[in-house]
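The block underneath contains the structure these notes are about, expressed in structure tokens.
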Amino acid sequence: MAKMCLGGDLLEWVGPDISACVFSRLDHPADLVRAAAASRTWRRFVIENNFSKCLCLRLCPEVATVAAVAEVNRSPPSPAVPESDSERDFRIYSNLAGAVVSDSRNPDVAIITHCIGASSTDDFPEETMENTLEEGYTVDFGPSYWSSGGADDPEKPESLTYRLNHDICILDEIRVRPFQAYFQHGDPIYSAKMVRFRMGHYKLPHRSESFVTAEDENKMIDADKKYMWTYTSPEYPMLQEDVLQSFKLPRPVLCIGGVVMIELLGSVQKQQADDRYYICVCHVEVIGRSLSPLLMFDISDPEGYSILKYLPGAQNLYAKGMNEDDAKESPEWQSLIARYKQMNHTAVAKALAGPGFMNEFYVYGVSDDDPFE
């Protein structure tokens, strides 16, 4: 019996049901990759049962909104090397899962680049939400903060919506500092009662997305119609204190589309001048890391479902030069890299104009060679 056990494959001895139960309990993508490398039988079993995608869903349930995956190579693929969709999916989801759990190469930094809009603004542009991107307490020799419009109902919610530096990011923490009106009697602090965070993406193409303009920034009235939210956090209590308050997410969250809404739920402070409730925010930071350009998303479905695109070799863009051998590149590769370059240019330009230059300047790629370090 011992000789028979030594000569057979473990999958054959325990059967597919027990084997699937064992493999589905692996909680790190590196374990699945190593299991798939053990033998051809194991590799076929791991790939055909979509264990890498299942692991991604456990790590980041937001992956459920991915309608399809695609691999985009720098050069057009060779028709002489056929490959199954299951093989491709295994490779893409393994890289995504590896990027989610890997943080040694990609330290978390503040990654907001744009303000998209506020639910209301009391005195625009003096109290614009653009002020919340400034780390300092003053701007142009005056106080730097955003203020909501006044409300008679203390339960009236407000929101601030921001664009991150890339379409696909891992978020761990959001920081919010309420504003203390030191120029008013009693130095009141206009904090919210609770905060909640939503992550997602605009349903329309990127060029249709609205940003703060000189005329108005209150563009979020129909946010639920314009945006698809792939993650909603629990509610967190906010202290009525003039400090940068940290709200750690329950787990690393995959932000698909690069849009974050901060919901400010309920007011605690009335303004003495008009006896109305206001919420004021001095500074906001979204802490995380980008997974681009190795992984990118296309959102073209009218319902907001996305296509995950994997660009093998993209981590070498800066090492080899982004314009090298352009003539040999596939059109889709060129389109995605052009979009990445545009996002990167915007992030750098914004960083150069503000105090967060060193944090936002560096691009944190994900290694295609070993996504599990």
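The chains in the structure tokens are called A, B, ... from first to last as shown; in each chain the residues are counted from 1, and the ligands are counted from 1 in the order shown.
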
| Contacts of A:Asp275 at 10 Å or less, counting only C-alpha atoms, minus same-chain residues fewer than 5 places along, as a PyMOL selection string? | chain A and resi 150-152+269-270

Limited to N, CA and C atoms, could you put the picked residues into a file as a short mmCIF file (atom, residue, chain, number, x, y, z; two decimals), in the first residue's frame?
data_model
loop_
_atom_site.label_atom_id
_atom_site.label_comp_id
_atom_site.auth_asym_id
_atom_site.auth_seq_id
_atom_site.Cartn_x
_atom_site.Cartn_y
_atom_site.Cartn_z
N GLY A 150 -25.05 76.15 4.74
CA GLY A 150 -25.74 76.06 6.01
C GLY A 150 -26.98 75.18 5.92
N ALA A 151 -27.35 74.53 7.02
CA ALA A 151 -28.51 73.64 7.05
C ALA A 151 -29.25 73.81 8.36
N ASP A 152 -30.57 73.72 8.30
CA ASP A 152 -31.39 73.75 9.52
C ASP A 152 -31.44 72.38 10.18
N GLN A 269 -22.12 71.35 14.95
CA GLN A 269 -21.83 72.74 15.32
C GLN A 269 -22.69 73.71 14.52
N LYS A 270 -23.35 74.61 15.27
CA LYS A 270 -24.08 75.71 14.64
C LYS A 270 -23.18 76.94 14.55
#

| request: Can you pull out every residue within 6 Å of stretch 52-54 of chain A, counting only C-alpha atoms, but drop anything in the same chain fewer than 2 positions away, and send it as an NGL selection string? | output: :A and (50 or 56-57 or 90 or 93-94)

Atoms kept (N, CA, C and O atoms) for selection, written as a tab-separated table (two decimals), in the first residue's frame:
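New file part01.tsv:
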chain	number	residue	atom	x	y	z
A	50	ASN	N	-10.33	27.79	-11.32
A	50	ASN	CA	-10.33	29.24	-11.10
A	50	ASN	C	-10.00	29.62	-9.65
A	50	ASN	O	-10.58	30.57	-9.10
A	56	CYS	N	-8.79	36.10	-5.27
A	56	CYS	CA	-8.95	37.55	-5.46
A	56	CYS	C	-10.26	38.04	-4.87
A	56	CYS	O	-10.32	39.09	-4.23
A	57	LEU	N	-11.32	37.29	-5.08
A	57	LEU	CA	-12.63	37.68	-4.56
A	57	LEU	C	-12.65	37.67	-3.04
A	57	LEU	O	-13.32	38.50	-2.41
A	90	PHE	N	-5.75	32.73	-15.10
A	90	PHE	CA	-4.93	32.35	-13.95
A	90	PHE	C	-3.76	33.30	-13.79
A	90	PHE	O	-3.46	33.76	-12.67
A	93	TYR	N	-5.18	36.97	-12.70
A	93	TYR	CA	-5.68	37.03	-11.32
A	93	TYR	C	-4.58	36.74	-10.31
A	93	TYR	O	-4.60	37.27	-9.19
A	94	SER	N	-3.61	35.92	-10.68
A	94	SER	CA	-2.48	35.68	-9.79
A	94	SER	C	-1.67	36.95	-9.58
A	94	SER	O	-1.23	37.27	-8.47

| query | Smallest atom-to-atom distance to A:Ser290: which of A:Ile170, A:Val22, A:Ala30, A:Ile112, using only C-alpha atoms? | reply | A:Ile170

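Our summary of the geometry notes that atom CA of A:Pro293 is positioned 24.3 Å from atom CA of A:Leu249.
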
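Computed from the coordinates, the atom CA of A:Asp17 to atom CA of A:Glu48 distance equals 13.6 Å.
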
| note | Expressed in Å, the length from atom CA of A:Tyr310 to atom CA of A:Thr161 is 27.5 Å

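Residues in contact with A:Leu96 at up to 9 Å, not including ones fewer than 3 positions away on its chain and judged by only C-alpha atoms, are Cys56, Arg91, Ile92, Tyr93, Ala99, Val100, Val101, Leu291, Leu295, Tyr310 and Pro371 of chain A.
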
| request: Would you please give, as JSON, numbers by chain, all residues of stretch 60-226 of chain A that DSSP assigns to strand (DSSP E or B) based on the backbone? | output: {"A": [66, 67, 68, 69, 70, 71, 109, 110, 112, 113, 114, 115, 116, 117, 118, 138, 139, 142, 143, 146, 147, 151, 158, 159, 160, 161, 162, 163, 164, 168, 169, 170, 171, 172, 173, 174, 175, 176, 177, 178, 180, 189, 192, 193, 194, 195, 196, 197, 198, 199, 200, 201, 202]}

Would you mind exporting the chosen residues as a compact mmCIF listing (two decimals), in the first residue's frame, restricted to N, CA and C atoms?
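Listing of out-v3.txt after writing:
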# COMPACT_ATOMS: atom_id res chain seq x y z
N VAL A 66 -15.70 43.05 -12.00
CA VAL A 66 -14.91 42.86 -13.22
C VAL A 66 -15.66 41.93 -14.16
N ALA A 67 -16.02 42.43 -15.32
CA ALA A 67 -16.80 41.64 -16.26
C ALA A 67 -15.92 40.74 -17.12
N ALA A 68 -14.67 41.15 -17.34
CA ALA A 68 -13.78 40.37 -18.20
C ALA A 68 -12.34 40.78 -17.89
N VAL A 69 -11.40 39.94 -18.32
CA VAL A 69 -9.98 40.25 -18.18
C VAL A 69 -9.33 40.11 -19.55
N ALA A 70 -8.24 40.83 -19.74
CA ALA A 70 -7.52 40.78 -21.02
C ALA A 70 -6.05 41.04 -20.76
N GLU A 71 -5.23 40.43 -21.59
CA GLU A 71 -3.79 40.66 -21.53
C GLU A 71 -3.38 41.48 -22.73
N VAL A 109 1.28 56.02 0.22
CA VAL A 109 1.48 57.46 0.20
C VAL A 109 0.13 58.13 -0.04
N ALA A 110 0.08 59.47 0.11
CA ALA A 110 -1.12 60.23 -0.21
C ALA A 110 -1.27 60.28 -1.72
N ILE A 112 -4.27 61.49 -3.65
CA ILE A 112 -5.27 62.35 -4.28
C ILE A 112 -4.58 63.28 -5.28
N THR A 113 -5.21 63.46 -6.45
CA THR A 113 -4.69 64.43 -7.40
C THR A 113 -5.70 65.52 -7.77
N HIS A 114 -6.99 65.19 -7.76
CA HIS A 114 -8.00 66.17 -8.18
C HIS A 114 -9.15 66.22 -7.17
N CYS A 115 -9.80 67.36 -7.12
CA CYS A 115 -11.12 67.45 -6.51
C CYS A 115 -12.15 67.30 -7.63
N ILE A 116 -13.13 66.45 -7.43
CA ILE A 116 -14.20 66.28 -8.42
C ILE A 116 -15.38 67.19 -8.09
N GLY A 117 -15.82 67.19 -6.84
CA GLY A 117 -16.94 68.04 -6.49
C GLY A 117 -17.37 67.88 -5.05
N ALA A 118 -18.12 68.86 -4.57
CA ALA A 118 -18.67 68.86 -3.22
C ALA A 118 -20.19 68.86 -3.30
N THR A 138 -3.30 77.60 6.42
CA THR A 138 -3.61 78.85 5.74
C THR A 138 -3.20 78.75 4.27
N VAL A 139 -3.85 79.57 3.44
CA VAL A 139 -3.50 79.69 2.04
C VAL A 139 -3.72 81.14 1.64
N GLY A 142 -4.79 83.53 4.35
CA GLY A 142 -6.11 83.36 4.96
C GLY A 142 -6.31 81.91 5.37
N PRO A 143 -7.37 81.61 6.14
CA PRO A 143 -7.62 80.23 6.55
C PRO A 143 -7.94 79.34 5.36
N TRP A 146 -12.67 73.94 3.54
CA TRP A 146 -13.93 73.87 2.80
C TRP A 146 -15.08 73.97 3.79
N SER A 147 -16.14 74.67 3.40
CA SER A 147 -17.33 74.75 4.24
C SER A 147 -18.55 74.34 3.44
N ALA A 151 -27.35 74.53 7.02
CA ALA A 151 -28.51 73.64 7.05
C ALA A 151 -29.25 73.81 8.36
N GLU A 158 -23.32 65.63 3.93
CA GLU A 158 -22.52 66.33 2.93
C GLU A 158 -21.49 65.35 2.39
N SER A 159 -20.84 65.72 1.29
CA SER A 159 -19.83 64.82 0.72
C SER A 159 -18.78 65.60 -0.05
N LEU A 160 -17.57 65.03 -0.09
CA LEU A 160 -16.46 65.53 -0.87
C LEU A 160 -15.95 64.37 -1.73
N THR A 161 -15.78 64.60 -3.02
CA THR A 161 -15.37 63.53 -3.92
C THR A 161 -14.07 63.88 -4.61
N TYR A 162 -13.15 62.92 -4.63
CA TYR A 162 -11.78 63.15 -5.11
C TYR A 162 -11.41 62.12 -6.17
N ARG A 163 -10.45 62.53 -7.01
CA ARG A 163 -9.85 61.63 -8.01
C ARG A 163 -8.46 61.25 -7.53
N LEU A 164 -8.17 59.95 -7.60
CA LEU A 164 -6.85 59.46 -7.22
C LEU A 164 -5.90 59.50 -8.42
N ILE A 168 -6.46 52.22 -10.74
CA ILE A 168 -6.52 51.04 -9.89
C ILE A 168 -5.52 51.21 -8.74
N CYS A 169 -6.05 51.28 -7.53
CA CYS A 169 -5.24 51.54 -6.35
C CYS A 169 -5.69 50.63 -5.21
N ILE A 170 -4.78 50.39 -4.29
CA ILE A 170 -5.10 49.72 -3.03
C ILE A 170 -5.11 50.79 -1.94
N LEU A 171 -6.22 50.91 -1.24
CA LEU A 171 -6.38 51.92 -0.19
C LEU A 171 -6.42 51.26 1.18
N ASP A 172 -5.73 51.86 2.14
CA ASP A 172 -5.68 51.34 3.49
C ASP A 172 -6.26 52.30 4.53
N GLU A 173 -6.24 53.59 4.25
CA GLU A 173 -6.53 54.57 5.30
C GLU A 173 -6.96 55.89 4.66
N ILE A 174 -7.86 56.58 5.35
CA ILE A 174 -8.27 57.93 4.94
C ILE A 174 -8.17 58.83 6.15
N ARG A 175 -7.62 60.02 5.94
CA ARG A 175 -7.41 60.96 7.04
C ARG A 175 -8.19 62.25 6.76
N VAL A 176 -8.86 62.73 7.79
CA VAL A 176 -9.67 63.94 7.66
C VAL A 176 -9.41 64.84 8.87
N ARG A 177 -9.19 66.11 8.61
CA ARG A 177 -9.00 67.08 9.69
C ARG A 177 -10.15 68.10 9.66
N PRO A 178 -11.00 68.12 10.68
CA PRO A 178 -12.04 69.15 10.74
C PRO A 178 -11.42 70.53 10.90
N GLN A 180 -11.25 74.26 12.61
CA GLN A 180 -11.56 75.06 13.78
C GLN A 180 -11.55 76.53 13.38
N ILE A 189 -15.38 74.14 16.39
CA ILE A 189 -14.86 73.14 15.45
C ILE A 189 -16.04 72.54 14.71
N ALA A 192 -17.96 66.68 11.54
CA ALA A 192 -19.15 65.86 11.30
C ALA A 192 -19.34 64.89 12.46
N LYS A 193 -20.55 64.33 12.57
CA LYS A 193 -20.77 63.31 13.58
C LYS A 193 -20.08 62.00 13.19
N MET A 194 -20.28 61.61 11.94
CA MET A 194 -19.76 60.35 11.44
C MET A 194 -19.20 60.57 10.04
N VAL A 195 -18.32 59.67 9.62
CA VAL A 195 -17.83 59.67 8.25
C VAL A 195 -17.95 58.27 7.66
N ARG A 196 -18.11 58.24 6.36
CA ARG A 196 -18.17 56.96 5.62
C ARG A 196 -17.51 57.21 4.27
N PHE A 197 -16.95 56.15 3.70
CA PHE A 197 -16.18 56.29 2.46
C PHE A 197 -16.71 55.36 1.39
N ARG A 198 -16.79 55.88 0.18
CA ARG A 198 -17.19 55.08 -0.98
C ARG A 198 -16.06 55.14 -2.01
N MET A 199 -15.82 54.02 -2.68
CA MET A 199 -14.83 53.94 -3.76
C MET A 199 -15.50 53.41 -5.02
N GLY A 200 -15.10 53.95 -6.15
CA GLY A 200 -15.69 53.47 -7.39
C GLY A 200 -15.18 54.25 -8.58
N HIS A 201 -16.06 54.41 -9.57
CA HIS A 201 -15.63 55.05 -10.81
C HIS A 201 -16.82 55.71 -11.50
N TYR A 202 -16.48 56.64 -12.35
CA TYR A 202 -17.46 57.33 -13.17
C TYR A 202 -17.99 56.36 -14.23

| request: Go through stretch 101-317 of chain A and collect every residue that DSSP, computed from the backbone, puts in helix (DSSP H, G or I); the answer should be as a PyMOL selection string. | output: chain A and resi 101+129-133+206-208+223-226+314-317

| Residue with smallest distance to A:Ile262 - pool A:Val243, A:Glu235, A:Pro61, A:Phe124, counting only C-alpha atoms | A:Glu235

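If you measure from each of A:Asp31, A:Glu130, A:Glu12, A:Glu285 to A:Ile111 using only C-alpha atoms, the closest one turns out to be A:Glu285.
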
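In terms of minimum interatomic distance to A:Glu87, A:Val46 ranks closest within A:Ala37, A:Val46, A:Val268, A:Leu55, counting only C-alpha atoms.
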
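In terms of minimum interatomic distance to A:Cys60, A:Pro252 ranks closest within A:Pro252, A:Gly98, A:Leu265, A:Ile47, counting only C-alpha atoms.
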
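Checking A:Tyr145, A:Asn73, A:Thr232, A:Asp140 one by one against A:Thr121, counting only C-alpha atoms, you find the shortest gap at A:Tyr145.
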